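Enquirer: This is upload13.csv (CSV, C-alpha atoms and all ligand atoms).
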```csv
chain,number,residue,atom,x,y,z
J,1,MET,CA,43.4,-9.4,-10.5
J,2,ASP,CA,44.4,-7.6,-7.3
J,3,SER,CA,46.6,-9.2,-4.7
J,4,GLN,CA,43.8,-9.5,-2.1
J,5,LEU,CA,41.7,-11.5,-4.5
J,6,LEU,CA,44.7,-13.7,-5.4
J,7,ALA,CA,45.3,-14.4,-1.7
J,8,ALA,CA,41.6,-15.3,-1.3
J,9,ILE,CA,41.8,-17.7,-4.2
J,10,GLN,CA,44.9,-19.3,-2.8
J,11,HIS,CA,43.3,-19.6,0.6
J,12,LEU,CA,40.2,-21.3,-0.9
J,13,ASP,CA,42.4,-23.6,-2.9
J,14,THR,CA,44.4,-24.6,0.1
J,15,TYR,CA,41.9,-24.6,3.0
J,16,GLY,CA,38.6,-25.1,1.1
J,17,TYR,CA,37.2,-21.6,2.0
J,18,CYS,CA,38.0,-17.9,2.1
J,19,LEU,CA,36.6,-14.8,3.6
J,20,LEU,CA,36.1,-11.4,1.8
J,21,GLU,CA,35.4,-8.7,4.3
J,22,ASP,CA,33.0,-5.8,3.9
J,23,ARG,CA,32.0,-6.3,0.3
J,24,ILE,CA,28.5,-4.7,0.6
J,25,PRO,CA,27.6,-1.8,3.0
J,26,ALA,CA,26.5,-3.0,6.4
J,27,ALA,CA,23.4,-0.9,6.1
J,28,MET,CA,22.4,-2.7,2.9
J,29,ALA,CA,23.1,-6.1,4.5
J,30,GLY,CA,20.8,-5.1,7.5
J,31,GLU,CA,18.0,-4.0,5.2
J,32,LEU,CA,18.2,-7.3,3.2
J,33,ALA,CA,18.3,-9.3,6.5
J,34,ALA,CA,15.1,-7.6,7.6
J,35,ARG,CA,13.4,-8.3,4.2
J,36,CYS,CA,14.5,-12.0,4.4
J,37,LEU,CA,12.9,-12.3,7.8
J,38,GLU,CA,9.7,-10.8,6.5
J,39,LEU,CA,9.6,-13.3,3.6
J,40,HIS,CA,10.2,-16.2,6.0
J,41,ALA,CA,7.2,-15.1,8.0
J,42,ASP,CA,4.9,-14.9,4.9
J,43,PRO,CA,2.9,-18.1,4.4
J,44,GLN,CA,2.9,-17.7,0.6
J,45,TYR,CA,6.6,-18.6,0.5
J,46,LEU,CA,6.2,-21.8,2.5
J,47,PRO,CA,6.3,-24.0,-0.6
J,48,MET,CA,9.8,-22.7,-1.4
J,49,MET,CA,11.0,-23.2,2.2
J,50,VAL,CA,12.8,-26.1,3.8
J,51,ASN,CA,12.8,-25.9,7.5
J,52,ASP,CA,15.5,-28.3,8.8
J,53,ASP,CA,14.6,-27.2,12.3
J,54,PRO,CA,11.9,-24.8,13.6
J,55,ARG,CA,14.8,-22.4,14.2
J,56,TYR,CA,16.8,-22.9,11.1
J,57,HIS,CA,15.1,-22.2,7.7
J,58,THR,CA,16.1,-22.1,4.0
J,59,LEU,CA,14.0,-20.0,1.7
J,60,PHE,CA,14.9,-20.8,-2.0
J,61,GLY,CA,14.3,-18.6,-5.0
J,62,MET,CA,15.7,-15.3,-3.5
J,63,VAL,CA,16.9,-14.2,-7.0
J,64,ASN,CA,13.2,-13.8,-7.9
J,65,LEU,CA,12.2,-12.3,-4.6
J,66,ASP,CA,14.5,-9.3,-4.0
J,67,ASP,CA,16.5,-7.5,-6.8
J,68,ARG,CA,19.1,-6.4,-4.2
J,69,VAL,CA,20.2,-10.1,-4.1
J,70,TRP,CA,21.7,-9.5,-7.6
J,71,GLN,CA,24.3,-7.1,-6.2
J,72,CYS,CA,25.6,-9.9,-4.1
J,73,ALA,CA,25.3,-12.6,-6.8
J,74,ALA,CA,27.0,-10.4,-9.5
J,75,HIS,CA,29.6,-8.9,-7.1
J,76,GLN,CA,32.8,-8.6,-9.0
J,77,ASP,CA,34.9,-10.3,-6.4
J,78,THR,CA,32.8,-13.4,-5.7
J,79,VAL,CA,32.2,-13.8,-9.5
J,80,ALA,CA,36.0,-13.5,-10.2
J,81,ILE,CA,36.7,-16.2,-7.7
J,82,ALA,CA,33.8,-18.5,-8.9
J,83,ARG,CA,35.1,-18.0,-12.5
J,84,HIS,CA,38.6,-18.8,-11.5
J,85,PHE,CA,37.5,-22.2,-10.2
J,86,LEU,CA,34.6,-23.0,-12.4
J,87,GLY,CA,35.5,-21.3,-15.7
J,88,PRO,CA,34.3,-18.2,-17.4
J,89,HIS,CA,30.8,-19.5,-18.2
J,90,CYS,CA,29.7,-20.6,-14.7
J,91,ARG,CA,26.3,-19.6,-13.5
J,92,VAL,CA,24.3,-18.6,-10.5
J,93,VAL,CA,21.9,-21.4,-9.8
J,94,GLU,CA,20.3,-20.4,-6.5
J,95,ALA,CA,20.2,-17.8,-3.9
J,96,CYS,CA,18.6,-18.7,-0.5
J,97,SER,CA,18.0,-16.9,2.7
J,98,LYS,CA,19.2,-18.8,5.8
J,99,PRO,CA,18.2,-17.4,9.2
J,100,THR,CA,19.3,-19.2,12.4
J,101,TRP,CA,17.1,-18.2,15.4
J,102,PRO,CA,18.4,-18.2,19.0
J,103,GLY,CA,18.3,-21.7,20.4
J,104,ALA,CA,18.8,-23.4,17.0
J,105,PRO,CA,21.0,-26.5,17.4
J,106,ALA,CA,23.8,-27.3,15.0
J,107,GLN,CA,22.7,-28.8,11.7
J,108,ARG,CA,24.3,-31.6,9.8
J,109,LEU,CA,27.9,-31.5,8.7
J,110,HIS,CA,28.0,-32.1,4.9
J,111,ALA,CA,29.5,-31.4,1.5
J,112,ASP,CA,27.3,-29.8,-1.2
J,113,SER,CA,25.8,-31.4,-4.3
J,114,ALA,CA,28.2,-34.4,-4.0
J,115,GLY,CA,25.7,-37.1,-3.3
J,116,SER,CA,25.1,-38.2,-6.9
J,117,PHE,CA,28.8,-38.6,-7.9
J,118,HIS,CA,30.0,-42.2,-8.5
J,119,GLN,CA,33.4,-40.9,-7.6
J,120,VAL,CA,33.9,-37.3,-6.3
J,121,PRO,CA,35.9,-35.4,-8.9
J,122,ASP,CA,39.1,-33.6,-8.2
J,123,VAL,CA,37.9,-30.5,-10.0
J,124,PRO,CA,35.5,-28.1,-8.2
J,125,TRP,CA,31.8,-28.6,-9.2
J,126,MET,CA,30.4,-25.7,-7.2
J,127,ILE,CA,31.6,-22.6,-5.4
J,128,ASN,CA,29.2,-21.7,-2.6
J,129,THR,CA,29.0,-18.4,-0.8
J,130,MET,CA,27.5,-17.1,2.4
J,131,TRP,CA,26.8,-13.4,2.6
J,132,MET,CA,26.7,-12.3,6.2
J,133,LEU,CA,23.6,-10.1,6.3
J,134,THR,CA,24.1,-9.8,10.1
J,135,ASP,CA,27.4,-10.2,11.9
J,136,PHE,CA,28.4,-13.8,12.0
J,137,THR,CA,29.8,-14.7,15.4
J,138,VAL,CA,30.9,-17.8,17.3
J,139,GLU,CA,27.8,-17.5,19.5
J,140,ASN,CA,25.1,-16.8,16.8
J,141,GLY,CA,25.8,-19.7,14.5
J,142,ALA,CA,28.5,-18.6,12.1
J,143,THR,CA,29.0,-21.3,9.5
J,144,GLY,CA,31.6,-23.8,10.5
J,145,VAL,CA,34.1,-25.3,7.9
J,146,VAL,CA,36.6,-28.1,8.1
J,147,PRO,CA,39.8,-26.9,6.6
J,148,PHE,CA,41.4,-29.2,3.9
J,149,SER,CA,38.3,-31.5,3.7
J,150,HIS,CA,37.7,-30.4,0.1
J,151,ARG,CA,40.7,-32.5,-0.8
J,152,SER,CA,39.2,-35.7,0.7
J,153,ARG,CA,37.2,-36.8,-2.4
J,154,CYS,CA,34.5,-37.9,0.0
J,155,LYS,CA,30.8,-37.3,-0.4
J,156,GLY,CA,30.6,-36.3,3.2
J,157,PRO,CA,32.3,-36.7,6.6
J,158,PRO,CA,33.1,-40.2,7.8
J,159,ALA,CA,31.0,-41.6,10.7
J,160,ASP,CA,33.9,-41.2,13.2
J,161,PHE,CA,34.5,-37.6,12.2
J,162,ASP,CA,36.1,-35.5,15.0
J,163,PRO,CA,33.9,-32.3,15.5
J,164,SER,CA,36.7,-30.4,17.0
J,165,LEU,CA,38.1,-30.0,13.5
J,166,ILE,CA,35.1,-27.6,12.6
J,167,GLN,CA,36.2,-24.0,12.6
J,168,PRO,CA,33.6,-21.1,12.8
J,169,VAL,CA,34.1,-18.5,10.1
J,170,VAL,CA,33.1,-15.1,11.7
J,171,GLY,CA,32.8,-11.7,10.0
J,172,ARG,CA,31.0,-8.4,10.0
J,173,ALA,CA,27.7,-7.9,8.3
J,174,GLY,CA,28.4,-7.2,4.6
J,175,SER,CA,31.3,-9.8,4.4
J,176,VAL,CA,31.1,-13.0,2.4
J,177,MET,CA,32.5,-16.4,2.9
J,178,LEU,CA,33.2,-18.7,-0.1
J,179,TRP,CA,33.8,-22.4,-0.1
J,180,HIS,CA,34.5,-25.3,-2.3
J,181,ALA,CA,31.5,-27.6,-2.4
J,182,GLY,CA,33.6,-30.5,-1.3
J,183,ALA,CA,34.5,-28.8,2.0
J,184,PHE,CA,32.6,-30.2,4.9
J,185,HIS,CA,30.6,-27.4,6.5
J,186,ILE,CA,27.8,-26.9,8.9
J,187,ALA,CA,25.3,-24.3,10.2
J,188,ARG,CA,26.5,-24.1,13.8
J,189,ALA,CA,24.2,-23.7,16.8
J,190,ASN,CA,22.9,-20.3,17.7
J,191,THR,CA,23.6,-19.9,21.5
J,192,SER,CA,23.1,-16.1,21.4
J,193,SER,CA,20.0,-14.0,21.7
J,194,GLN,CA,20.3,-12.6,18.2
J,195,ILE,CA,19.1,-13.9,14.9
J,196,ARG,CA,21.8,-14.7,12.4
J,197,VAL,CA,20.8,-14.2,8.7
J,198,GLY,CA,22.9,-15.5,5.8
J,199,LEU,CA,22.3,-15.2,2.1
J,200,ASN,CA,23.6,-18.3,0.4
J,201,ILE,CA,24.4,-18.0,-3.3
J,202,ALA,CA,25.7,-20.9,-5.4
J,203,TYR,CA,27.8,-20.9,-8.6
J,204,TYR,CA,28.0,-24.0,-10.7
J,205,PRO,CA,29.8,-24.8,-14.0
J,206,ARG,CA,27.5,-25.3,-17.0
J,207,TRP,CA,28.1,-29.0,-17.1
J,208,PHE,CA,26.4,-29.5,-13.7
J,209,ASN,CA,22.7,-30.6,-13.7
J,210,ASN,CA,20.5,-28.3,-11.7
J,211,TRP,CA,18.1,-31.0,-10.5
J,212,VAL,CA,20.6,-32.3,-8.0
J,213,GLU,CA,19.7,-29.9,-5.2
J,214,GLY,CA,16.0,-30.6,-4.5
J,215,GLY,CA,14.9,-27.1,-3.4
J,216,HIS,CA,16.7,-25.0,-6.1
J,217,GLN,CA,14.3,-22.8,-8.0
J,218,PRO,CA,14.6,-21.6,-11.6
J,219,VAL,CA,14.9,-17.9,-12.6
J,220,TRP,CA,11.4,-16.6,-13.5
J,221,PRO,CA,11.1,-15.0,-17.0
J,222,GLU,CA,10.0,-11.7,-15.5
J,223,THR,CA,13.0,-11.7,-13.2
J,224,PHE,CA,15.4,-12.2,-16.1
J,225,GLU,CA,13.6,-9.3,-18.0
J,226,ARG,CA,14.5,-6.9,-15.2
J,227,MET,CA,18.1,-8.1,-14.8
J,228,PRO,CA,21.2,-5.9,-15.8
J,229,PRO,CA,23.5,-7.5,-18.4
J,230,GLU,CA,26.1,-8.8,-15.8
J,231,MET,CA,23.4,-10.7,-14.0
J,232,ARG,CA,21.8,-12.1,-17.2
J,233,GLN,CA,25.2,-13.4,-18.1
J,234,LEU,CA,25.2,-15.4,-14.9
J,235,CYS,CA,21.7,-16.8,-15.5
J,236,PRO,CA,22.0,-18.3,-19.0
J,237,GLY,CA,19.8,-21.4,-18.3
J,238,LYS,CA,16.2,-22.0,-19.1
J,239,LEU,CA,13.7,-19.7,-17.5
J,240,GLY,CA,10.4,-20.8,-15.9
J,241,ARG,CA,8.3,-20.6,-12.8
J,242,SER,CA,8.7,-24.1,-11.4
J,243,ARG,CA,11.2,-26.9,-11.1
J,244,ALA,CA,8.8,-29.4,-12.7
J,245,GLU,CA,8.7,-27.3,-16.0
J,246,LEU,CA,12.5,-27.2,-16.4
J,247,TYR,CA,14.4,-29.7,-14.4
J,248,GLU,CA,14.8,-33.4,-14.9
J,249,GLU,CA,13.3,-35.5,-12.2
J,250,ARG,CA,15.7,-36.9,-9.7
J,251,ARG,CA,15.8,-40.7,-9.9
B,301,LIG,O1,23.7,-21.8,7.2
B,301,LIG,C1,24.9,-22.1,7.3
B,301,LIG,O2,25.6,-21.6,8.0
B,301,LIG,C2,25.4,-23.3,6.4
B,301,LIG,C3,24.7,-23.3,5.1
B,301,LIG,C4,25.0,-24.6,4.4
B,301,LIG,O3,25.3,-25.6,5.0
B,301,LIG,C5,24.9,-24.7,3.0
B,301,LIG,O4,24.5,-23.7,2.3
B,301,LIG,O5,25.1,-25.8,2.4
```
Show me the file's structure as structure tokens.

Expert:
Amino acid sequence: MDSQLLAAIQHLDTYGYCLLEDRIPAAMAGELAARCLELHADPQYLPMMVNDDPRYHTLFGMVNLDDRVWQCAAHQDTVAIARHFLGPHCRVVEACSKPTWPGAPAQRLHADSAGSFHQVPDVPWMINTMWMLTDFTVENGATGVVPFSHRSRCKGPPADFDPSLIQPVVGRAGSVMLWHAGAFHIARANTSSQIRVGLNIAYYPRWFNNWVEGGHQPVWPETFERMPPEMRQLCPGKLGRSRAELYEERR
């Protein structure tokens, strides 16, 4: 592994997140951002969308909706980091598009997929990524992270949390931020006049049950058929078209 990747791993281990700059061409990021915005405007995808705010949306199932997403999901650097923390057999469980439109307020500060633990484990249970399909700036809602919070063993921030501890992670289009699911993080307010578009791809170990995140969509059989070997290796679970077919019900 090269020294840049080792430094990124050490940064993630220490602070709870790391940034890899310019991992896909900016032009490709821009094209993917434009496609994401088209999909968000198409009513047929409404059932796979969660709109936490009229100006902040999540469209699940992007692995099935645009094959270019695989280049991000199977990127050798993000996969190397995910495998370092989650083991060699970790998988891609979801890819979602997350635009933040101008005027969007900050969303909720949270940890990921931690709500069902009786006690939050001290091993990572998920490595999350945010591909910057547009530039991520302080003004346009770059994701905010709370350094060191992944060590708290808490399911989320305490009620008296000090928001000044949140740090925006900025980068050029084509860069990717990775974080430990236990790190408190937030979609920050977009105070600019530009749309911010992120592609959020999650890696989980095989022992983690996929039903935990309510919106996560399975890989469709026809998607898997088209995938190159490196992507198939990252999608070893059951295939199907709906959550109800494949996932246990959340109780
Ligand atoms: O959109 C963002 O900047 C944050 C995304 C987020 O909170 C998440 O993926 O859990």

Enquirer: Do you know which residues are within 7 Å of ligand LIG 301 (chain B) using only C-alpha atoms and all ligand atoms? Can you write them as a list in words?

Expert: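 So, counting only C-alpha atoms and all ligand atoms, the residues near ligand LIG 301 (chain B) are Lys98, Asp112, Gly141, Ala142, Thr143, Gly144, His185, Ile186, Ala187, Arg188, Gly198 and Asn200 of chain J.
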
Enquirer: Those same residues, written as a short mmCIF file (atom, residue, chain, number, x, y, z; two decimals), in the frame of the given file with C-alpha atoms?

Expert:
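Okay, result.cif is ready:
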```cif
data_model
loop_
_atom_site.label_atom_id
_atom_site.label_comp_id
_atom_site.auth_asym_id
_atom_site.auth_seq_id
_atom_site.Cartn_x
_atom_site.Cartn_y
_atom_site.Cartn_z
CA LYS J 98 19.20 -18.80 5.80
CA ASP J 112 27.30 -29.80 -1.20
CA GLY J 141 25.80 -19.70 14.50
CA ALA J 142 28.50 -18.60 12.10
CA THR J 143 29.00 -21.30 9.50
CA GLY J 144 31.60 -23.80 10.50
CA HIS J 185 30.60 -27.40 6.50
CA ILE J 186 27.80 -26.90 8.90
CA ALA J 187 25.30 -24.30 10.20
CA ARG J 188 26.50 -24.10 13.80
CA GLY J 198 22.90 -15.50 5.80
CA ASN J 200 23.60 -18.30 0.40
#
```

Enquirer: Could you list as a ChimeraX atom specification every residue that has an atom within 12 Å of (33.2, -17.3, 1.1), using the file's coordinates and counting all atoms listed in the file?

Expert: /J:5,8-9,11-13,15-23,72,77-79,81-82,127-132,143-145,169-171,174-181,183,185,198-203

Enquirer: One decimal, in Å: what's the spacing between atom CA of His150 of chain J and atom CA of Asn210 of chain J?

Expert: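 Interatomic distance, atom CA of His150 of chain J to atom CA of Asn210 of chain J: 21.0 Å.
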
Enquirer: Mind giving me the straight-line distance from atom CA of Gln194 of chain J to atom CA of Asp162 of chain J in Å, one decimal?

Expert: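 So the two atoms, atom CA of Gln194 of chain J and atom CA of Asp162 of chain J, lie 28.0 Å apart.
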
Enquirer: Tell me, in Å to one decimal, how far atom CA of Gly87 of chain J is from atom CA of Ser113 of chain J.

Expert: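 Taking atom CA of Gly87 of chain J as the start and atom CA of Ser113 of chain J as the end point, the length is 18.1 Å.
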
Enquirer: Considering all atoms listed in the file, return as a ChimeraX atom specification whatever protein or nucleic-acid residues lie within 10 Å of Gly30 of chain J, sequence-local ones (same chain, fewer than 2 positions apart) excluded.

Expert: /J:25-28,32-36,132-135,173-174,197

Enquirer: Given the choices J:Ser97, J:Thr14, J:Gln167, J:Gln76, which gets closest to Gly61 of chain J if the distance is worked out from all atoms listed in the file?

Expert: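 The answer is J:Ser97, which sits nearest to Gly61 of chain J.
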
Enquirer: Any idea what's packed within 7 Å of segment 228-232 of chain J, counting only C-alpha atoms, ignoring anything in its chain fewer than 3 positions away? Could you give it as a PDB file with C-alpha atoms, in the frame of the given file?

Expert:
```pdb
ATOM      1  CA  TRP J  70      21.700  -9.500  -7.600  1.00  0.00           C
ATOM      2  CA  ALA J  74      27.000 -10.400  -9.500  1.00  0.00           C
ATOM      3  CA  PHE J 224      15.400 -12.200 -16.100  1.00  0.00           C
ATOM      4  CA  CYS J 235      21.700 -16.800 -15.500  1.00  0.00           C
ATOM      5  CA  PRO J 236      22.000 -18.300 -19.000  1.00  0.00           C
TER       6      PRO J 236
END
```
